[in-house]
Amino acid sequence: MQKKSDIGLIGLAVMGENLALNMESRGWNVSVYNRVHPGAQTNAVTRFMEGRGKGKNFQGLTDIAQFVESIQTPRKIMLMVRAGSPVDELMDQLIPHLAPGDIIIDGGNSNFEDTDRRVAYAESKGFRFVGAGVSGGEEGALNGASIMPGGSLSAWDEVKPILQSIAAKADDGAPCCDWVGPGGSGHFVKMIHNGIEYGDMQLIAESYWVLKQVLGLSNDELSDVFTQWNGGRLNSYLIEITANILKFKDKEGDYLIDKILDTAGQKGTGKWSVINAMELGMPLGLIASAVFERSLSSNKEIRLEAEKIFGHDKEQGLYNKADMLKDVESALYASKLVSYAQGFDVLQKASEEFNWDLNLASIARLWRGGCIIRSGFLNYIAEAFEAKDKPRHLLFAPYFSSEIKESLFGWRHLVAHVLKEGMPVPAFSSALNYFFSLTSGSLPANMIQAQRDYFGAHTFERIDKPRGEFFHENWTGYGGDTKSGTYNV
Ligand code: 6PG
C-alpha cells in the first residue's frame with residue numbers, strides 16, 4: 001500500500017503547482033488534486049504528474065474521495081484556487097470525506113470576512129480552518145514565499161512545520177511565516193500587504209514618470225538610477241525588478257516598457273484594503289490614490305479625449321539633474337514611510353476592533369522575505385514596534401521621524417515643481433498632504449463642524465469646554481434647539 005501523504009494540495013494553476021513542488025522539495029509527500037474540466041483533452045493532474053511532478057513524491061488524484069483518503073490524519077489540505085465561491089464549493093465537496101480535526105488551509109487571496117465565516121463553519125463541524133495569505137508570486141511559491149496564516153489556533157502546531165519549511169528565510173534565517181491570529185486575520189494582513197504593494201508600485205511609477213518626462217532620462221539611465229537606489233535605503237524587491245524592467249528588450253530589440261499599454265489592471269485586494277480602512281474610520285489615502293489611479297488609467301479613451309480638450313500647460317522649468325534625482329528619491333522614500341505608517345495603523349485598529357491581538361513587529365518581520373513588498377527597511381518597522389516605548393504612530397519612532405525630517409525638503413519641493421509642470425503625482429502628493437494634516441495641531445475641521453450644525457443640527461464641541469460636551473447653535477434665528485444625534489461612524 002502506498003504511504004499516505006503529509007499534505008494534500010488542491011488547484012494546480014501556477015501558484016498551486018509551484019507550492020506543491022516547493023513542499024515536495026522540502027521532503028514532504030504531497031497528494032495533488034484538480035477538478036477535471038468537462039470536455040478537456042488532458043486534465044491538470046495528468047499534465048502535472050507527467051510533467052513537472054514526474055518521478056517525485058506526489059500522488060496525483062482526480063477523485064476527491066480518493067484524494068482525501070490518500071492523506072494521513074489529521075489531514076492538512078491546502079486550497080490554491082480562485083478566491084470566492086470556488087473555496088466554498090470545495091469545502092462542501094471535501095467535508096463529507098473528512099475526519100474530525102482535519103485542517104483546510106486556504107492559500108488564496110480570500111476576503112477576510114469570508115475566512116471568518118469559514119473558520120466558524122469548519123469549527124462548528126469539528127474541523128479546523130486556516131486562512132493563509134501567501135505572497136511572492138510564482139517564484140516565491142516555488143522557492144520560498146511569505147506566508148500569513150490565521151484561523152483555528154490549534155491547527156498551527158500541525159501546519160507549522162510544513163508552512164515554515166516552504167517559506168522564504170529572512171537575512172537572519174527566520175522563516176517568513178508565523179501565526180497571525182484568529183478568524184480571518186491572516187487574510188486581512190495579506191490584504192494590507194497587497195494594499196501596500198499597490199502604494200509602492202504607484203510611487204515607483206510616479207518616480208519613473210517624473211524622471212522620464214521632466215528630466216528626460218533614457219530607459220538605460222533610468223535603470224541605472226533604480227539600481228543605485230536599490231543599493232541604498234530604498235533597497236527592495238520592487239525597486240530591483242523596476243531596474244530590470246527598464247532595461248529589458250524584446251525580440252525586436254526594443255525596450256518592452258515603451259510598448260506596454262498604460263492601463264493598469266487590478267484583482268481587488270487594493271480596493272478591499274481601502275474599503276476596510278474606511279469601515280474602520282482610518283486614513284489610508286496613499287493606497288486609495290493608488291487604487292483610484294489604476295481605475296483612471298484603465299479608461300484610456302476618456303484620458304485621450306480630455307487631453308485633446310485641455311492639453312497640458314507645461315512650465316518646463318530648468319532643473320539640476322543631481323538635485324532632482326535626490327528630490328525624487330526623498331519623495332519616494334518619505335511617501336513610502338507614510339504608506340507603511342498608514343497600513344500598520346489600519347492593522348492596529350483592526351486588531352483592536354476584532355480582538356485579534358496582532359503582533360505588528362512579527363508581521364513586519366514576516367514581510368522581510370519572499371513577498372512582493374520585501375525590503376530591508378521592514379527590520380526598522382519591527383524594531384520600532386518592539387521598542388520599550390512603543391510609538392503611537394510609526395512616524396513618531398525616532399528612526400522614522402529623523403528620516404522624514406531629512407527627506408521633507410526634497411519631497412515638498414519635488415511635489416510643488418512637478419505639479420507646476422502639469423504632471424500627476426497623486427501618491428506623492430497624497431502622502432505629503434497626509435503628513436501636513438497629521439502634523440497640524442489645527443485644521444479647518446471647525447468649519448466643517450459649523451456647517452454640519454448649521455444645516456443639520458449635528459452639534460460641535462468647543463475649544464473652551466471639555467471634550468465630549470456637544471453644543472448646537474441656532475445659526476439662523478429660525479432653527480430650533482433640537483439636536484441631531486452625535487454618533488460618529
Ligand atoms: C503577492 C501578490 C498577489 C497579487 C498580484 C496581483 O503578494 O504575491 O500580491 O497576491 O494577486 O500581485 O494583484 P493585482 O492584480 O490586484 O495587482
# chains A, B, ... in the order shown; residues from 1 in each chain; ligands from 1

call {"tool": "residues_near_ligand", "arguments": {"ligand": "ligand 1", "cutoff": "10 Å", "atoms": "only C-alpha atoms and all ligand atoms", "output": "number ranges by chain"}}
result
A: 15, 107-110, 133-141, 145-147, 190-198, 201, 264-271, 291, 294, 367, 370-374

call {"tool": "residues_around", "arguments": {"residues": "Lys160 (chain A)", "least_positions_apart": "3", "cutoff": "10 Å", "atoms": "only C-alpha atoms", "output": "short mmCIF file (atom, residue, chain, number, x, y, z; two decimals) with C-alpha atoms, in the first residue's frame"}}
result
data_model
loop_
_atom_site.label_atom_id
_atom_site.label_comp_id
_atom_site.auth_asym_id
_atom_site.auth_seq_id
_atom_site.Cartn_x
_atom_site.Cartn_y
_atom_site.Cartn_z
CA PRO A 149 -1.65 32.04 8.47
CA ALA A 155 -4.10 23.87 13.76
CA TRP A 156 -0.91 25.93 13.98
CA ASP A 157 1.25 23.24 15.60
CA LEU A 163 4.35 26.03 6.09
CA GLN A 164 7.59 27.26 7.67
CA SER A 165 9.62 24.83 5.55
CA CYS A 177 5.81 32.60 8.16
CA ASP A 178 4.32 32.94 11.61
CA TRP A 179 0.92 32.67 13.22
#

call {"tool": "closest_residue", "arguments": {"among": "A:Gly376, A:Gly422, A:Gly343, A:Gly441", "to": "Asp171 (chain A)", "atoms": "only C-alpha atoms"}}
result
A:Gly376

call {"tool": "closest_residue", "arguments": {"among": "A:Pro96, A:Pro182, A:Gly281, A:Gly11", "to": "Gly150 (chain A)", "atoms": "only C-alpha atoms"}}
result
A:Pro182

call {"tool": "closest_residue", "arguments": {"among": "A:Thr46, A:Ser442, A:Ser5, A:Ser289", "to": "Val30 (chain A)", "atoms": "only C-alpha atoms"}}
result
A:Ser5

call {"tool": "select_by_dssp", "arguments": {"residues": "region 242-450 of chain A", "states": "alpha helix (DSSP H)", "output": "ChimeraX atom specification"}}
result
/A:242-247,269-279,285-298,300-310,321-354,360-366,378-386,398-420,426-438,445-450

call {"tool": "write_last_selection", "arguments": {"atoms": "C-alpha atoms", "output": "CSV table (one decimal), in the first residue's frame"}}
result
chain,number,residue,atom,x,y,z
A,242,THR,CA,11.9,48.0,-11.9
A,243,ALA,CA,15.6,48.4,-12.8
A,244,ASN,CA,15.4,45.1,-14.7
A,245,ILE,CA,12.1,46.0,-16.5
A,246,LEU,CA,13.6,49.3,-17.7
A,247,LYS,CA,16.5,47.7,-19.5
A,269,THR,CA,-7.2,43.4,-2.8
A,270,GLY,CA,-6.2,47.1,-3.0
A,271,LYS,CA,-9.8,48.1,-3.2
A,272,TRP,CA,-10.7,45.9,-0.3
A,273,SER,CA,-7.9,47.5,1.8
A,274,VAL,CA,-9.4,50.9,1.2
A,275,ILE,CA,-13.0,49.8,1.8
A,276,ASN,CA,-12.0,48.2,5.1
A,277,ALA,CA,-9.9,51.2,6.2
A,278,MET,CA,-13.0,53.3,5.6
A,279,GLU,CA,-15.1,50.9,7.6
A,285,GLY,CA,-5.1,57.8,1.5
A,286,LEU,CA,-1.9,56.8,-0.3
A,287,ILE,CA,-3.2,53.3,-1.1
A,288,ALA,CA,-6.6,54.8,-2.0
A,289,SER,CA,-4.9,57.2,-4.5
A,290,ALA,CA,-3.0,54.2,-6.0
A,291,VAL,CA,-6.3,52.3,-6.5
A,292,PHE,CA,-8.1,55.3,-8.0
A,293,GLU,CA,-5.1,56.0,-10.3
A,294,ARG,CA,-5.3,52.4,-11.6
A,295,SER,CA,-9.1,52.9,-12.2
A,296,LEU,CA,-8.4,56.2,-14.0
A,297,SER,CA,-5.6,54.7,-16.1
A,298,SER,CA,-7.8,51.9,-17.3
A,300,LYS,CA,-7.6,55.4,-21.7
A,301,GLU,CA,-10.3,56.7,-24.1
A,302,ILE,CA,-11.5,59.4,-21.8
A,303,ARG,CA,-8.0,60.4,-21.0
A,304,LEU,CA,-7.2,60.9,-24.7
A,305,GLU,CA,-10.3,62.9,-25.1
A,306,ALA,CA,-9.6,65.1,-22.1
A,307,GLU,CA,-6.0,65.6,-23.3
A,308,LYS,CA,-7.3,67.0,-26.6
A,309,ILE,CA,-9.7,69.4,-24.8
A,310,PHE,CA,-7.3,70.7,-22.1
A,321,LYS,CA,19.7,66.7,-12.7
A,322,ALA,CA,21.5,65.7,-9.5
A,323,ASP,CA,19.2,67.8,-7.3
A,324,MET,CA,16.1,66.5,-8.9
A,325,LEU,CA,17.3,62.9,-8.6
A,326,LYS,CA,17.9,63.5,-4.9
A,327,ASP,CA,14.4,65.1,-4.5
A,328,VAL,CA,12.7,62.2,-6.3
A,329,GLU,CA,14.5,59.7,-4.0
A,330,SER,CA,13.4,61.7,-1.0
A,331,ALA,CA,9.8,61.9,-2.2
A,332,LEU,CA,9.7,58.2,-2.9
A,333,TYR,CA,11.2,57.3,0.5
A,334,ALA,CA,9.2,59.7,2.6
A,335,SER,CA,5.9,58.7,0.8
A,336,LYS,CA,6.7,55.1,1.3
A,337,LEU,CA,7.1,55.7,5.0
A,338,VAL,CA,3.7,57.4,5.1
A,339,SER,CA,2.2,54.5,3.3
A,340,TYR,CA,3.6,51.9,5.7
A,341,ALA,CA,2.6,54.0,8.7
A,342,GLN,CA,-1.0,54.2,7.4
A,343,GLY,CA,-1.1,50.5,6.6
A,344,PHE,CA,0.2,49.5,10.1
A,345,ASP,CA,-2.2,51.9,11.7
A,346,VAL,CA,-5.1,50.1,9.9
A,347,LEU,CA,-3.7,46.8,11.2
A,348,GLN,CA,-3.6,48.1,14.8
A,349,LYS,CA,-7.1,49.4,14.5
A,350,ALA,CA,-8.4,46.1,13.1
A,351,SER,CA,-6.6,44.2,15.8
A,352,GLU,CA,-8.5,46.3,18.5
A,353,GLU,CA,-11.8,46.2,16.7
A,354,PHE,CA,-11.8,42.4,16.0
A,360,LEU,CA,2.8,44.3,14.4
A,361,ALA,CA,6.6,43.6,14.8
A,362,SER,CA,6.1,40.0,13.9
A,363,ILE,CA,4.0,41.0,10.8
A,364,ALA,CA,6.8,43.4,9.7
A,365,ARG,CA,9.3,40.5,10.1
A,366,LEU,CA,7.3,38.0,8.0
A,378,LEU,CA,10.9,46.3,7.4
A,379,ASN,CA,13.5,45.5,10.1
A,380,TYR,CA,13.3,49.1,11.3
A,381,ILE,CA,9.5,48.8,11.5
A,382,ALA,CA,9.8,45.7,13.5
A,383,GLU,CA,12.3,47.3,15.9
A,384,ALA,CA,10.0,50.4,16.3
A,385,PHE,CA,7.1,48.2,17.4
A,386,GLU,CA,9.3,46.2,19.7
A,398,PRO,CA,13.0,58.0,16.4
A,399,TYR,CA,14.4,56.3,13.3
A,400,PHE,CA,11.4,57.2,11.0
A,401,SER,CA,10.9,60.8,12.3
A,402,SER,CA,14.6,61.6,11.6
A,403,GLU,CA,14.3,60.0,8.1
A,404,ILE,CA,11.2,62.1,7.4
A,405,LYS,CA,12.7,65.3,8.6
A,406,GLU,CA,15.7,64.7,6.4
A,407,SER,CA,13.6,63.9,3.3
A,408,LEU,CA,10.9,66.6,3.8
A,409,PHE,CA,12.7,69.5,2.0
A,410,GLY,CA,13.2,67.4,-1.2
A,411,TRP,CA,9.8,65.8,-1.0
A,412,ARG,CA,7.8,69.1,-0.8
A,413,HIS,CA,9.9,70.8,-3.5
A,414,LEU,CA,9.5,67.9,-5.8
A,415,VAL,CA,5.7,67.8,-5.5
A,416,ALA,CA,5.5,71.6,-6.0
A,417,HIS,CA,7.7,71.5,-9.1
A,418,VAL,CA,6.0,68.6,-10.7
A,419,LEU,CA,2.5,70.0,-10.2
A,420,LYS,CA,3.7,73.2,-11.8
A,426,PRO,CA,-1.2,61.5,-6.8
A,427,ALA,CA,0.6,59.2,-4.4
A,428,PHE,CA,3.5,61.7,-3.7
A,429,SER,CA,1.0,64.5,-3.0
A,430,SER,CA,-1.5,62.4,-1.1
A,431,ALA,CA,1.3,61.3,1.3
A,432,LEU,CA,2.6,64.9,1.6
A,433,ASN,CA,-0.9,66.2,2.4
A,434,TYR,CA,-1.4,63.5,4.9
A,435,PHE,CA,1.9,64.4,6.5
A,436,PHE,CA,0.9,68.1,6.7
A,437,SER,CA,-2.5,67.3,8.1
A,438,LEU,CA,-1.0,64.8,10.6
A,445,ALA,CA,-12.5,71.0,10.6
A,446,ASN,CA,-14.1,73.7,12.8
A,447,MET,CA,-15.6,74.9,9.6
A,448,ILE,CA,-17.0,71.5,8.7
A,449,GLN,CA,-18.5,71.2,12.2
A,450,ALA,CA,-20.1,74.6,11.9

call {"tool": "closest_atom_pairs", "arguments": {"of": "region 35-146 of chain A", "to": "region 26-29 of chain A", "cutoff": "9 Å", "atoms": "only C-alpha atoms", "output": "JSON lines"}}
result
{"residue": "A:Lys56", "atom": "CA", "partner": "A:Asn29", "partner_atom": "CA", "distance": 8.8}
{"residue": "A:Asn57", "atom": "CA", "partner": "A:Asn29", "partner_atom": "CA", "distance": 5.3}
{"residue": "A:Phe58", "atom": "CA", "partner": "A:Asn29", "partner_atom": "CA", "distance": 6.1}
{"residue": "A:Gln59", "atom": "CA", "partner": "A:Asn29", "partner_atom": "CA", "distance": 8.1}

call {"tool": "closest_residue", "arguments": {"among": "A:Arg368, A:Arg128, A:Lys4, A:Arg47", "to": "Ala170 (chain A)", "atoms": "only C-alpha atoms"}}
result
A:Arg368

call {"tool": "decode", "arguments": {"residues": "region 469-480 of chain A", "atoms": "all heavy atoms", "output": "mmCIF file, in the first residue's frame"}}
result
data_model
loop_
_atom_site.group_PDB
_atom_site.id
_atom_site.type_symbol
_atom_site.label_atom_id
_atom_site.label_comp_id
_atom_site.auth_asym_id
_atom_site.auth_seq_id
_atom_site.Cartn_x
_atom_site.Cartn_y
_atom_site.Cartn_z
ATOM 1 N N GLU A 469 -18.478 67.329 25.368
ATOM 2 C CA GLU A 469 -19.698 68.150 25.549
ATOM 3 C C GLU A 469 -20.082 68.698 24.188
ATOM 4 O O GLU A 469 -19.230 69.300 23.500
ATOM 5 C CB GLU A 469 -19.395 69.334 26.464
ATOM 6 C CG GLU A 469 -19.829 69.131 27.902
ATOM 7 C CD GLU A 469 -19.660 70.422 28.693
ATOM 8 O OE1 GLU A 469 -20.429 71.364 28.452
ATOM 9 O OE2 GLU A 469 -18.739 70.460 29.527
ATOM 10 N N PHE A 470 -21.314 68.502 23.786
ATOM 11 C CA PHE A 470 -21.718 68.895 22.431
ATOM 12 C C PHE A 470 -22.713 70.056 22.471
ATOM 13 O O PHE A 470 -23.617 70.075 23.310
ATOM 14 C CB PHE A 470 -22.306 67.694 21.690
ATOM 15 C CG PHE A 470 -21.240 66.689 21.332
ATOM 16 C CD1 PHE A 470 -20.868 65.693 22.222
ATOM 17 C CD2 PHE A 470 -20.565 66.781 20.129
ATOM 18 C CE1 PHE A 470 -19.855 64.802 21.919
ATOM 19 C CE2 PHE A 470 -19.552 65.893 19.808
ATOM 20 C CZ PHE A 470 -19.196 64.893 20.715
ATOM 21 N N PHE A 471 -22.535 70.992 21.541
ATOM 22 C CA PHE A 471 -23.350 72.209 21.510
ATOM 23 C C PHE A 471 -24.042 72.354 20.168
ATOM 24 O O PHE A 471 -23.532 71.900 19.141
ATOM 25 C CB PHE A 471 -22.456 73.437 21.753
ATOM 26 C CG PHE A 471 -21.780 73.386 23.088
ATOM 27 C CD1 PHE A 471 -20.570 72.709 23.233
ATOM 28 C CD2 PHE A 471 -22.373 73.941 24.205
ATOM 29 C CE1 PHE A 471 -19.959 72.625 24.464
ATOM 30 C CE2 PHE A 471 -21.762 73.861 25.454
ATOM 31 C CZ PHE A 471 -20.548 73.198 25.588
ATOM 32 N N HIS A 472 -25.185 73.037 20.236
ATOM 33 C CA HIS A 472 -25.868 73.368 18.983
ATOM 34 C C HIS A 472 -26.177 74.848 19.019
ATOM 35 O O HIS A 472 -26.562 75.400 20.048
ATOM 36 C CB HIS A 472 -27.160 72.544 18.871
ATOM 37 C CG HIS A 472 -28.084 73.036 17.797
ATOM 38 N ND1 HIS A 472 -27.697 73.143 16.480
ATOM 39 C CD2 HIS A 472 -29.363 73.481 17.853
ATOM 40 C CE1 HIS A 472 -28.709 73.623 15.769
ATOM 41 N NE2 HIS A 472 -29.729 73.837 16.583
ATOM 42 N N GLU A 473 -26.035 75.516 17.875
ATOM 43 C CA GLU A 473 -26.338 76.949 17.809
ATOM 44 C C GLU A 473 -27.529 77.149 16.879
ATOM 45 O O GLU A 473 -27.640 76.474 15.852
ATOM 46 C CB GLU A 473 -25.101 77.699 17.250
ATOM 47 C CG GLU A 473 -25.248 79.201 17.142
ATOM 48 C CD GLU A 473 -25.535 79.848 18.490
ATOM 49 O OE1 GLU A 473 -24.737 79.669 19.424
ATOM 50 O OE2 GLU A 473 -26.600 80.516 18.617
ATOM 51 N N ASN A 474 -28.385 78.084 17.267
ATOM 52 C CA ASN A 474 -29.485 78.451 16.367
ATOM 53 C C ASN A 474 -28.935 79.526 15.428
ATOM 54 O O ASN A 474 -29.061 80.722 15.669
ATOM 55 C CB ASN A 474 -30.660 78.955 17.212
ATOM 56 C CG ASN A 474 -31.863 79.264 16.357
ATOM 57 O OD1 ASN A 474 -31.780 79.280 15.125
ATOM 58 N ND2 ASN A 474 -32.988 79.517 16.999
ATOM 59 N N TRP A 475 -28.267 79.098 14.361
ATOM 60 C CA TRP A 475 -27.489 79.975 13.478
ATOM 61 C C TRP A 475 -28.354 81.010 12.751
ATOM 62 O O TRP A 475 -27.898 82.123 12.504
ATOM 63 C CB TRP A 475 -26.753 79.146 12.413
ATOM 64 C CG TRP A 475 -25.743 78.181 12.957
ATOM 65 C CD1 TRP A 475 -25.951 76.931 13.386
ATOM 66 C CD2 TRP A 475 -24.336 78.438 13.137
ATOM 67 N NE1 TRP A 475 -24.791 76.341 13.830
ATOM 68 C CE2 TRP A 475 -23.760 77.253 13.676
ATOM 69 C CE3 TRP A 475 -23.495 79.523 12.884
ATOM 70 C CZ2 TRP A 475 -22.411 77.135 13.967
ATOM 71 C CZ3 TRP A 475 -22.142 79.408 13.168
ATOM 72 C CH2 TRP A 475 -21.609 78.227 13.718
ATOM 73 N N THR A 476 -29.574 80.621 12.390
ATOM 74 C CA THR A 476 -30.358 81.492 11.503
ATOM 75 C C THR A 476 -31.458 82.251 12.234
ATOM 76 O O THR A 476 -32.111 83.100 11.651
ATOM 77 C CB THR A 476 -31.031 80.624 10.425
ATOM 78 O OG1 THR A 476 -31.791 79.610 11.093
ATOM 79 C CG2 THR A 476 -30.022 79.979 9.513
ATOM 80 N N GLY A 477 -31.688 81.879 13.477
ATOM 81 C CA GLY A 477 -32.773 82.526 14.221
ATOM 82 C C GLY A 477 -34.080 81.786 14.059
ATOM 83 O O GLY A 477 -34.962 81.878 14.894
ATOM 84 N N TYR A 478 -34.220 80.995 12.971
ATOM 85 C CA TYR A 478 -35.481 80.247 12.828
ATOM 86 C C TYR A 478 -35.310 78.746 13.044
ATOM 87 O O TYR A 478 -36.259 78.005 13.042
ATOM 88 C CB TYR A 478 -36.209 80.552 11.505
ATOM 89 C CG TYR A 478 -35.355 80.424 10.255
ATOM 90 C CD1 TYR A 478 -35.066 79.177 9.706
ATOM 91 C CD2 TYR A 478 -34.850 81.565 9.617
ATOM 92 C CE1 TYR A 478 -34.293 79.084 8.571
ATOM 93 C CE2 TYR A 478 -34.066 81.466 8.478
ATOM 94 C CZ TYR A 478 -33.797 80.232 7.958
ATOM 95 O OH TYR A 478 -33.016 80.122 6.838
ATOM 96 N N GLY A 479 -34.092 78.306 13.230
ATOM 97 C CA GLY A 479 -33.877 76.877 13.545
ATOM 98 C C GLY A 479 -34.253 76.634 14.991
ATOM 99 O O GLY A 479 -34.267 77.559 15.804
ATOM 100 N N GLY A 480 -34.571 75.427 15.366
ATOM 101 C CA GLY A 480 -34.963 75.141 16.749
ATOM 102 C C GLY A 480 -33.757 74.769 17.589
ATOM 103 O O GLY A 480 -32.609 74.933 17.178
#
